[in-house]
>>> print(open('structure.cif').read())   # mmCIF, C-alpha atoms
data_start
loop_
_atom_site.label_atom_id
_atom_site.label_comp_id
_atom_site.auth_asym_id
_atom_site.auth_seq_id
_atom_site.Cartn_x
_atom_site.Cartn_y
_atom_site.Cartn_z
CA MET A 1 72.30 38.17 55.73
CA ASP A 2 74.75 38.36 52.84
CA LEU A 3 75.31 34.64 52.36
CA GLU A 4 77.62 35.09 49.37
CA ALA A 5 79.98 37.29 51.40
CA TYR A 6 79.80 34.91 54.38
CA MET A 7 80.62 31.86 52.28
CA ARG A 8 83.40 33.71 50.45
CA ARG A 9 84.96 34.70 53.78
CA CYS A 10 84.71 31.14 55.11
CA ARG A 11 86.08 29.64 51.89
CA THR A 12 89.10 31.96 51.98
CA ALA A 13 89.90 30.96 55.56
CA VAL A 14 89.34 27.25 54.92
CA GLU A 15 91.43 27.20 51.76
CA ALA A 16 94.31 28.96 53.50
CA ALA A 17 94.15 26.39 56.31
CA LEU A 18 93.96 23.50 53.83
CA ASN A 19 96.99 24.84 51.99
CA ARG A 20 98.92 24.76 55.26
CA ALA A 21 97.61 21.31 56.27
CA LEU A 22 98.31 19.51 53.00
CA PRO A 23 101.83 18.16 52.40
CA ASP A 24 103.81 20.36 50.02
CA GLU A 25 104.22 18.91 46.55
CA THR A 26 107.99 19.36 46.79
CA VAL A 27 108.06 16.78 49.62
CA ASP A 28 108.41 13.08 48.78
CA PRO A 29 106.39 11.36 47.48
CA THR A 30 105.97 14.43 45.33
CA GLU A 31 103.52 13.05 42.75
CA LEU A 32 101.20 11.71 45.46
CA HIS A 33 101.21 15.08 47.20
CA ARG A 34 100.54 16.82 43.88
CA ALA A 35 97.52 14.58 43.33
CA MET A 36 96.20 15.25 46.84
CA ARG A 37 96.53 19.01 46.50
CA TYR A 38 95.05 18.97 43.00
CA SER A 39 91.72 17.61 44.23
CA VAL A 40 91.45 19.29 47.62
CA LEU A 41 92.41 22.77 46.42
CA ALA A 42 90.28 22.64 43.27
CA PRO A 43 87.59 25.35 43.22
CA GLY A 44 84.60 24.18 45.22
CA LYS A 45 81.70 25.21 47.44
CA ARG A 46 83.44 24.11 50.69
CA LEU A 47 79.96 23.36 52.03
CA ARG A 48 81.07 20.80 54.61
CA PRO A 49 83.76 22.92 56.27
CA ILE A 50 81.45 25.95 56.18
CA LEU A 51 78.85 23.90 58.06
CA VAL A 52 81.46 22.94 60.67
CA LEU A 53 82.35 26.59 61.23
CA ALA A 54 78.73 27.78 61.18
CA SER A 55 77.62 25.15 63.71
CA ALA A 56 80.27 26.37 66.15
CA GLU A 57 79.10 29.95 65.58
CA ALA A 58 75.49 28.89 66.16
CA VAL A 59 76.32 27.97 69.77
CA GLY A 60 78.32 31.15 70.36
CA ALA A 61 81.87 29.84 69.83
CA ASP A 62 84.77 31.19 67.80
CA PRO A 63 84.77 29.17 64.55
CA ASN A 64 88.57 29.25 64.42
CA ARG A 65 88.56 26.75 67.29
CA VAL A 66 87.20 24.09 64.91
CA MET A 67 89.09 25.01 61.73
CA HIS A 68 91.14 21.80 62.00
CA ALA A 69 87.91 19.77 61.97
CA ALA A 70 86.54 21.79 59.05
CA CYS A 71 89.67 20.96 57.04
CA GLY A 72 89.44 17.31 58.09
CA LEU A 73 85.89 17.03 56.77
CA GLU A 74 86.91 18.61 53.46
CA CYS A 75 89.78 16.13 53.05
CA ILE A 76 87.41 13.22 53.69
CA HIS A 77 84.95 14.67 51.19
CA ALA A 78 87.73 15.02 48.58
CA PHE A 79 88.71 11.39 49.16
CA SER A 80 85.13 10.34 48.35
CA LEU A 81 85.05 12.41 45.15
CA ILE A 82 88.32 10.98 43.85
CA HIS A 83 87.13 7.42 44.45
CA ASP A 84 83.62 8.09 43.08
CA ASP A 85 85.13 9.34 39.81
CA LEU A 86 87.27 6.23 39.22
CA PRO A 87 86.49 4.02 36.21
CA CYS A 88 85.44 1.19 38.52
CA MET A 89 82.82 3.51 40.10
CA ASP A 90 81.14 6.36 38.19
CA ASP A 91 83.89 6.70 35.55
CA ASP A 92 83.71 10.50 35.34
CA ASP A 93 86.28 12.51 33.39
CA TYR A 94 85.47 15.96 34.80
CA ARG A 95 84.99 17.34 38.29
CA ARG A 96 84.68 21.02 39.24
CA GLY A 97 85.36 22.00 35.64
CA ARG A 98 88.71 20.16 35.48
CA PRO A 99 89.90 16.67 34.53
CA THR A 100 89.30 14.22 37.35
CA ASN A 101 92.22 13.01 39.44
CA HIS A 102 92.65 9.65 37.71
CA VAL A 103 92.61 11.26 34.25
CA LEU A 104 95.56 13.44 35.20
CA PHE A 105 97.52 11.16 37.55
CA GLY A 106 96.41 7.64 36.61
CA GLU A 107 94.11 5.27 38.46
CA ALA A 108 96.65 3.85 40.89
CA LEU A 109 97.89 7.22 42.14
CA ALA A 110 94.34 8.60 42.31
CA LEU A 111 93.32 5.66 44.46
CA LEU A 112 96.27 6.24 46.78
CA ALA A 113 95.66 10.00 46.89
CA GLY A 114 92.12 9.29 48.06
CA ASP A 115 93.41 6.87 50.71
CA ALA A 116 95.94 9.44 51.90
CA LEU A 117 93.28 12.17 52.13
CA LEU A 118 91.05 9.95 54.23
CA ALA A 119 93.95 9.38 56.61
CA LEU A 120 94.85 13.09 56.64
CA GLY A 121 91.24 13.97 57.40
CA PHE A 122 91.29 11.90 60.57
CA GLU A 123 94.77 13.16 61.42
CA LEU A 124 93.39 16.71 61.37
CA LEU A 125 90.36 15.71 63.43
CA THR A 126 92.63 14.24 66.11
CA GLU A 127 94.91 17.27 66.23
CA ASP A 128 95.93 17.95 69.82
CA ARG A 129 93.88 20.92 71.01
CA SER A 130 94.10 21.86 74.68
CA ASP A 131 91.12 24.23 74.34
CA LEU A 132 88.74 21.38 73.42
CA ASP A 133 87.34 18.76 75.80
CA PRO A 134 88.97 15.36 75.06
CA VAL A 135 85.69 13.49 75.54
CA ARG A 136 83.98 15.71 73.00
CA ARG A 137 86.89 15.23 70.61
CA VAL A 138 86.47 11.45 70.78
CA GLN A 139 82.72 11.76 70.27
CA ALA A 140 83.26 13.96 67.23
CA LEU A 141 85.80 11.53 65.82
CA ASN A 142 83.36 8.66 66.29
CA MET A 143 80.59 10.60 64.55
CA VAL A 144 82.74 11.37 61.50
CA ALA A 145 84.04 7.78 61.33
CA ARG A 146 80.49 6.42 61.33
CA ALA A 147 79.44 8.95 58.69
CA SER A 148 82.36 7.91 56.47
CA GLY A 149 82.09 4.13 56.68
CA THR A 150 79.65 1.30 56.05
CA ARG A 151 76.84 3.03 57.98
CA GLY A 152 77.39 6.22 56.03
CA MET A 153 79.14 7.36 52.88
CA VAL A 154 80.82 4.10 51.80
CA GLY A 155 77.75 1.99 52.56
CA GLY A 156 75.60 4.47 50.66
CA GLN A 157 77.87 4.24 47.63
CA VAL A 158 77.49 0.45 47.64
CA ALA A 159 73.70 0.76 47.87
CA ASP A 160 73.75 3.33 45.05
CA MET A 161 75.73 0.96 42.82
CA GLU A 162 73.44 -1.96 43.63
CA SER A 163 70.37 0.10 42.76
CA GLU A 164 71.53 0.87 39.21
CA GLY A 165 68.92 -0.40 36.77
CA GLN A 166 66.62 -1.48 39.60
CA SER A 167 63.10 -0.28 40.30
CA ILE A 168 63.05 1.23 43.80
CA ASP A 169 60.61 3.44 45.67
CA ALA A 170 61.15 6.83 47.30
CA ASP A 171 61.75 5.35 50.76
CA ALA A 172 64.56 3.12 49.51
CA LEU A 173 66.05 6.03 47.59
CA ARG A 174 65.91 8.22 50.68
CA LYS A 175 67.95 5.63 52.61
CA ILE A 176 70.59 5.55 49.89
CA HIS A 177 70.89 9.34 49.81
CA ALA A 178 70.87 9.60 53.61
CA SER A 179 73.96 7.41 53.72
CA LYS A 180 75.84 8.41 50.58
CA THR A 181 75.50 12.19 50.92
CA GLY A 182 73.50 12.96 54.04
CA ALA A 183 75.68 11.26 56.65
CA LEU A 184 78.77 13.39 56.10
CA LEU A 185 76.69 16.57 55.82
CA MET A 186 74.92 15.67 59.06
CA ALA A 187 78.30 15.20 60.76
CA SER A 188 79.58 18.47 59.30
CA ALA A 189 76.55 20.36 60.60
CA SER A 190 76.97 19.15 64.17
CA VAL A 191 80.62 18.31 64.82
CA GLY A 192 81.70 21.93 65.23
CA ALA A 193 79.12 22.54 67.95
CA MET A 194 79.97 19.21 69.57
CA LEU A 195 83.68 20.06 69.74
CA VAL A 196 83.11 23.41 71.47
CA GLY A 197 80.93 21.82 74.15
CA ALA A 198 77.33 22.29 73.01
CA ASP A 199 74.87 20.26 75.05
CA ASP A 200 73.45 17.03 73.63
CA SER A 201 70.05 18.56 72.86
CA ARG A 202 71.59 21.21 70.64
CA VAL A 203 73.85 18.69 68.93
CA ARG A 204 70.81 16.52 68.16
CA SER A 205 69.00 19.52 66.69
CA LEU A 206 71.97 20.24 64.45
CA MET A 207 72.14 16.59 63.41
CA LYS A 208 68.48 16.78 62.40
CA TYR A 209 69.20 19.97 60.47
CA GLY A 210 72.10 18.26 58.71
CA GLU A 211 70.02 15.20 57.90
CA HIS A 212 67.40 17.34 56.14
CA ILE A 213 69.83 19.53 54.18
CA GLY A 214 71.76 16.40 53.20
CA LEU A 215 68.69 15.00 51.50
CA ALA A 216 67.80 18.38 49.95
CA PHE A 217 71.36 18.66 48.62
CA GLN A 218 71.28 15.24 46.96
CA ILE A 219 67.83 15.77 45.45
CA THR A 220 69.09 19.05 43.99
CA ASP A 221 72.17 17.26 42.64
CA ASP A 222 69.87 14.72 40.96
CA ILE A 223 67.88 17.58 39.41
CA LEU A 224 71.00 19.45 38.24
CA ASP A 225 72.34 16.30 36.62
CA LEU A 226 69.17 16.29 34.52
CA VAL A 227 68.63 19.98 33.72
CA GLY A 228 71.78 21.79 34.89
CA ASP A 229 74.22 23.88 32.87
CA GLU A 230 77.49 21.99 32.35
CA SER A 231 79.48 25.22 32.34
CA ARG A 232 78.12 26.01 35.82
CA ILE A 233 78.16 22.50 37.28
CA GLY A 234 81.71 21.77 36.17
CA LYS A 235 80.96 18.22 35.03
CA ARG A 236 78.94 16.51 32.34
CA VAL A 237 75.19 16.39 32.87
CA GLY A 238 73.18 13.25 32.26
CA SER A 239 75.63 10.84 33.89
CA ASP A 240 72.90 9.47 36.17
CA LEU A 241 70.76 8.64 33.12
CA ARG A 242 73.69 7.04 31.30
CA GLN A 243 74.44 4.83 34.31
CA ASN A 244 70.74 4.12 34.91
CA LYS A 245 71.03 5.34 38.49
CA ALA A 246 68.11 5.65 40.87
CA THR A 247 67.37 9.37 41.31
CA TYR A 248 64.50 11.43 42.66
CA PRO A 249 63.49 12.82 39.25
CA LYS A 250 63.46 9.28 37.89
CA VAL A 251 61.34 7.95 40.76
CA LEU A 252 59.06 10.94 41.42
CA GLY A 253 59.40 13.30 38.48
CA LEU A 254 61.08 16.68 38.28
CA GLU A 255 58.46 18.93 39.87
CA VAL A 256 57.69 16.62 42.80
CA SER A 257 61.43 16.28 43.40
CA ARG A 258 61.76 20.06 43.62
CA GLU A 259 58.88 20.15 46.11
CA PHE A 260 60.53 17.43 48.19
CA ALA A 261 63.82 19.33 48.29
CA CYS A 262 62.10 22.54 49.41
CA ALA A 263 60.17 20.65 52.09
CA GLU A 264 63.42 19.20 53.44
CA VAL A 265 64.90 22.70 53.67
CA GLU A 266 61.90 23.93 55.67
CA GLN A 267 62.30 21.00 58.07
CA ALA A 268 66.00 21.78 58.42
CA ILE A 269 65.22 25.39 59.34
CA GLU A 270 62.54 24.26 61.80
CA ALA A 271 65.06 21.97 63.51
CA ILE A 272 67.24 24.93 64.57
CA ILE A 273 64.53 27.43 65.44
CA GLU A 274 65.73 27.48 69.07
CA PHE A 275 69.17 28.84 68.12
CA GLY A 276 68.08 32.38 67.30
CA PRO A 277 70.11 34.88 65.23
CA ALA A 278 73.41 33.06 65.78
CA ALA A 279 72.20 30.30 63.46
CA GLU A 280 71.24 32.60 60.59
CA PRO A 281 74.20 31.40 58.47
CA LEU A 282 72.89 27.84 58.82
CA ARG A 283 69.42 28.92 57.72
CA ALA A 284 70.84 30.77 54.73
CA VAL A 285 72.97 27.75 53.77
CA ALA A 286 69.87 25.54 53.91
CA ARG A 287 68.08 27.79 51.41
CA TYR A 288 71.18 27.96 49.22
CA VAL A 289 71.24 24.16 48.95
CA VAL A 290 68.10 24.14 46.77
CA GLU A 291 68.61 27.51 45.07
CA ARG A 292 72.13 26.81 43.77
CA ASP A 293 72.80 26.15 40.10
CA ARG A 294 75.90 24.02 40.53
#
>>> encode(input="structure.cif", output="structure tokens")
Amino acid sequence: MDLEAYMRRCRTAVEAALNRALPDETVDPTELHRAMRYSVLAPGKRLRPILVLASAEAVGADPNRVMHAACGLECIHAFSLIHDDLPCMDDDDYRRGRPTNHVLFGEALALLAGDALLALGFELLTEDRSDLDPVRRVQALNMVARASGTRGMVGGQVADMESEGQSIDADALRKIHASKTGALLMASASVGAMLVGADDSRVRSLMKYGEHIGLAFQITDDILDLVGDESRIGKRVGSDLRQNKATYPKVLGLEVSREFACAEVEQAIEAIIEFGPAAEPLRAVARYVVERDR
């Protein structure tokens, strides 16, 4: 399939929906809304919302039925990026080729913009939809909440910070990545199918797929931080080395890390073998995760 065309089409639809969902910057508090829109609407891959849409497609549903959830996941992801970039965290000045939120709007407003995007994400996920089963909606909400909190993204960030300068093995590193990056990708890859009524077996298969591409994605990020092109990545390379972070290249070396990432992609594809042609976008996305250069 033409993955580039598929992702471009999905991105266009998602960005139009995000533009509608975000508060207008002319509405009070205007500066807060400007900061929110600045980060969410910045050029990006939109990988998480694309996974939401593709997972609904994989079980034969119209992806537009889960567009609200796709936008919700992207808002939650944007919240995490704003907070990760803060001086008290990774202290990054550039994201997606532009100054980070706190550089432009100040630390206090950036912090609040992230808080507001987290709340908006869950507001979108709980949007009243008569065409979706209420039980499934609650289950999806629970999944995303778990993926965002102490058992997922936030807990993973804490573990990542605590591992700085420490000597850890590949198993410990896998746990950090599975929480920090993998949890939200796993939720993204399964919540769309869950919302449209896919049976539990298929949801579990998609969760397994998401778990594997989540790890492949983070390993590739670790590699790109070491050898990537700053003009393509949109942020400074070498930040992991400067902060003495635990990464796959540091623990296993560059070539073994690449092999690990490719193996995770193959396991992701194997997890959804039962879905047939409808899941081809998911398979293509899995391959893209390790082939990308940004």
>>> residues_around(input="structure.cif", residues="region 278-290 of chain A", least_positions_apart="2", cutoff="8 Å", atoms="only C-alpha atoms", output="ChimeraX atom specification")
/A:1,3,6,51,54-55,57-60,213,216-217,220,261-262,265,268-269,272,275-276,292
>>> write_last_selection(input="structure.cif", atoms="C-alpha atoms", output="mmCIF file, in the coordinates of the input")
data_model
loop_
_atom_site.group_PDB
_atom_site.id
_atom_site.type_symbol
_atom_site.label_atom_id
_atom_site.label_comp_id
_atom_site.auth_asym_id
_atom_site.auth_seq_id
_atom_site.Cartn_x
_atom_site.Cartn_y
_atom_site.Cartn_z
ATOM 1 C CA MET A 1 72.300 38.170 55.730
ATOM 2 C CA LEU A 3 75.310 34.640 52.360
ATOM 3 C CA TYR A 6 79.800 34.910 54.380
ATOM 4 C CA LEU A 51 78.850 23.900 58.060
ATOM 5 C CA ALA A 54 78.730 27.780 61.180
ATOM 6 C CA SER A 55 77.620 25.150 63.710
ATOM 7 C CA GLU A 57 79.100 29.950 65.580
ATOM 8 C CA ALA A 58 75.490 28.890 66.160
ATOM 9 C CA VAL A 59 76.320 27.970 69.770
ATOM 10 C CA GLY A 60 78.320 31.150 70.360
ATOM 11 C CA ILE A 213 69.830 19.530 54.180
ATOM 12 C CA ALA A 216 67.800 18.380 49.950
ATOM 13 C CA PHE A 217 71.360 18.660 48.620
ATOM 14 C CA THR A 220 69.090 19.050 43.990
ATOM 15 C CA ALA A 261 63.820 19.330 48.290
ATOM 16 C CA CYS A 262 62.100 22.540 49.410
ATOM 17 C CA VAL A 265 64.900 22.700 53.670
ATOM 18 C CA ALA A 268 66.000 21.780 58.420
ATOM 19 C CA ILE A 269 65.220 25.390 59.340
ATOM 20 C CA ILE A 272 67.240 24.930 64.570
ATOM 21 C CA PHE A 275 69.170 28.840 68.120
ATOM 22 C CA GLY A 276 68.080 32.380 67.300
ATOM 23 C CA ARG A 292 72.130 26.810 43.770
#
>>> residues_around(input="structure.cif", residues="Leu81 (chain A)", least_positions_apart="3", cutoff="12 Å", atoms="all atoms listed in the file", output="PyMOL selection string")
chain A and resi 36+39-40+42+44+74-78+84-86+89-96+100-102+110-111+113-115+117-118+153-154+157+180-181
>>> closest_residue(input="structure.cif", among="A:Arg136, A:His68, A:Lys175, A:Arg146", to="Gly121 (chain A)", atoms="all atoms listed in the file")
A:His68
>>> atom_distance(input="structure.cif", atom1="CA of Gly152 (chain A)", atom2="CA of His177 (chain A)")
9.5 Å
>>> residues_around(input="structure.cif", residues="region 188-204 of chain A", least_positions_apart="4", cutoff="8 Å", atoms="only C-alpha atoms", output="PDB file with C-alpha atoms, in the coordinates of the input")
ATOM      1  CA  ARG A  48      81.070  20.800  54.610  1.00  0.00           C
ATOM      2  CA  PRO A  49      83.760  22.920  56.270  1.00  0.00           C
ATOM      3  CA  LEU A  51      78.850  23.900  58.060  1.00  0.00           C
ATOM      4  CA  VAL A  52      81.460  22.940  60.670  1.00  0.00           C
ATOM      5  CA  LEU A  53      82.350  26.590  61.230  1.00  0.00           C
ATOM      6  CA  ALA A  54      78.730  27.780  61.180  1.00  0.00           C
ATOM      7  CA  SER A  55      77.620  25.150  63.710  1.00  0.00           C
ATOM      8  CA  ALA A  56      80.270  26.370  66.150  1.00  0.00           C
ATOM      9  CA  GLU A  57      79.100  29.950  65.580  1.00  0.00           C
ATOM     10  CA  ALA A  58      75.490  28.890  66.160  1.00  0.00           C
ATOM     11  CA  VAL A  59      76.320  27.970  69.770  1.00  0.00           C
ATOM     12  CA  ALA A  61      81.870  29.840  69.830  1.00  0.00           C
ATOM     13  CA  PRO A  63      84.770  29.170  64.550  1.00  0.00           C
ATOM     14  CA  ARG A  65      88.560  26.750  67.290  1.00  0.00           C
ATOM     15  CA  VAL A  66      87.200  24.090  64.910  1.00  0.00           C
ATOM     16  CA  ALA A  69      87.910  19.770  61.970  1.00  0.00           C
ATOM     17  CA  ALA A  70      86.540  21.790  59.050  1.00  0.00           C
ATOM     18  CA  LEU A  73      85.890  17.030  56.770  1.00  0.00           C
ATOM     19  CA  LEU A 132      88.740  21.380  73.420  1.00  0.00           C
ATOM     20  CA  ASP A 133      87.340  18.760  75.800  1.00  0.00           C
ATOM     21  CA  ARG A 136      83.980  15.710  73.000  1.00  0.00           C
ATOM     22  CA  ARG A 137      86.890  15.230  70.610  1.00  0.00           C
ATOM     23  CA  GLN A 139      82.720  11.760  70.270  1.00  0.00           C
ATOM     24  CA  ALA A 140      83.260  13.960  67.230  1.00  0.00           C
ATOM     25  CA  MET A 143      80.590  10.600  64.550  1.00  0.00           C
ATOM     26  CA  VAL A 144      82.740  11.370  61.500  1.00  0.00           C
ATOM     27  CA  LEU A 184      78.770  13.390  56.100  1.00  0.00           C
ATOM     28  CA  LYS A 208      68.480  16.780  62.400  1.00  0.00           C
ATOM     29  CA  TYR A 209      69.200  19.970  60.470  1.00  0.00           C
ATOM     30  CA  GLY A 210      72.100  18.260  58.710  1.00  0.00           C
TER      31      GLY A 210
END
>>> residues_near_point(input="structure.cif", point="(69.0, 1.8, 36.6)", cutoff="12 Å", atoms="only C-alpha atoms", output="list in words")
Asp160, Met161, Glu162, Ser163, Glu164, Gly165, Gln166, Ser167, Ile168, Ser239, Asp240, Leu241, Arg242, Gln243, Asn244, Lys245, Ala246, Thr247, Lys250 and Val251 of chain A
>>> atom_distance(input="structure.cif", atom1="CA of Leu120 (chain A)", atom2="CA of Val158 (chain A)")
23.3 Å
>>> decode(input="structure.cif", residues="region 250-265 of chain A", atoms="N, CA and C atoms", output="mmCIF file, in the first residue's frame")
data_model
loop_
_atom_site.group_PDB
_atom_site.id
_atom_site.type_symbol
_atom_site.label_atom_id
_atom_site.label_comp_id
_atom_site.auth_asym_id
_atom_site.auth_seq_id
_atom_site.Cartn_x
_atom_site.Cartn_y
_atom_site.Cartn_z
ATOM 1 N N LYS A 250 23.211 2.614 24.196
ATOM 2 C CA LYS A 250 24.163 2.663 25.305
ATOM 3 C C LYS A 250 24.305 1.303 25.977
ATOM 4 N N VAL A 251 23.183 0.590 26.124
ATOM 5 C CA VAL A 251 23.193 -0.693 26.820
ATOM 6 C C VAL A 251 23.647 -1.832 25.914
ATOM 7 N N LEU A 252 23.196 -1.819 24.641
ATOM 8 C CA LEU A 252 23.427 -2.961 23.751
ATOM 9 C C LEU A 252 24.303 -2.662 22.542
ATOM 10 N N GLY A 253 24.541 -1.385 22.269
ATOM 11 C CA GLY A 253 25.266 -1.036 21.057
ATOM 12 C C GLY A 253 24.308 -0.730 19.921
ATOM 13 N N LEU A 254 24.795 -0.034 18.919
ATOM 14 C CA LEU A 254 23.949 0.466 17.837
ATOM 15 C C LEU A 254 23.374 -0.650 16.977
ATOM 16 N N GLU A 255 24.192 -1.566 16.532
ATOM 17 C CA GLU A 255 23.725 -2.601 15.607
ATOM 18 C C GLU A 255 22.757 -3.562 16.273
ATOM 19 N N VAL A 256 23.050 -3.978 17.498
ATOM 20 C CA VAL A 256 22.131 -4.870 18.213
ATOM 21 C C VAL A 256 20.805 -4.161 18.468
ATOM 22 N N SER A 257 20.859 -2.877 18.751
ATOM 23 C CA SER A 257 19.633 -2.099 18.960
ATOM 24 C C SER A 257 18.770 -2.095 17.710
ATOM 25 N N ARG A 258 19.404 -1.907 16.549
ATOM 26 C CA ARG A 258 18.657 -1.955 15.285
ATOM 27 C C ARG A 258 18.018 -3.329 15.087
ATOM 28 N N GLU A 259 18.731 -4.378 15.408
ATOM 29 C CA GLU A 259 18.194 -5.734 15.278
ATOM 30 C C GLU A 259 17.010 -5.935 16.215
ATOM 31 N N PHE A 260 17.119 -5.427 17.429
ATOM 32 C CA PHE A 260 16.018 -5.526 18.391
ATOM 33 C C PHE A 260 14.773 -4.819 17.876
ATOM 34 N N ALA A 261 14.962 -3.619 17.333
ATOM 35 C CA ALA A 261 13.822 -2.855 16.829
ATOM 36 C C ALA A 261 13.132 -3.598 15.697
ATOM 37 N N CYS A 262 13.897 -4.158 14.783
ATOM 38 C CA CYS A 262 13.323 -4.910 13.657
ATOM 39 C C CYS A 262 12.601 -6.159 14.138
ATOM 40 N N ALA A 263 13.151 -6.820 15.157
ATOM 41 C CA ALA A 263 12.505 -8.009 15.708
ATOM 42 C C ALA A 263 11.161 -7.652 16.349
ATOM 43 N N GLU A 264 11.106 -6.498 17.005
ATOM 44 C CA GLU A 264 9.844 -6.055 17.617
ATOM 45 C C GLU A 264 8.794 -5.783 16.542
ATOM 46 N N VAL A 265 9.206 -5.213 15.420
ATOM 47 C CA VAL A 265 8.271 -4.961 14.322
ATOM 48 C C VAL A 265 7.704 -6.273 13.786
#
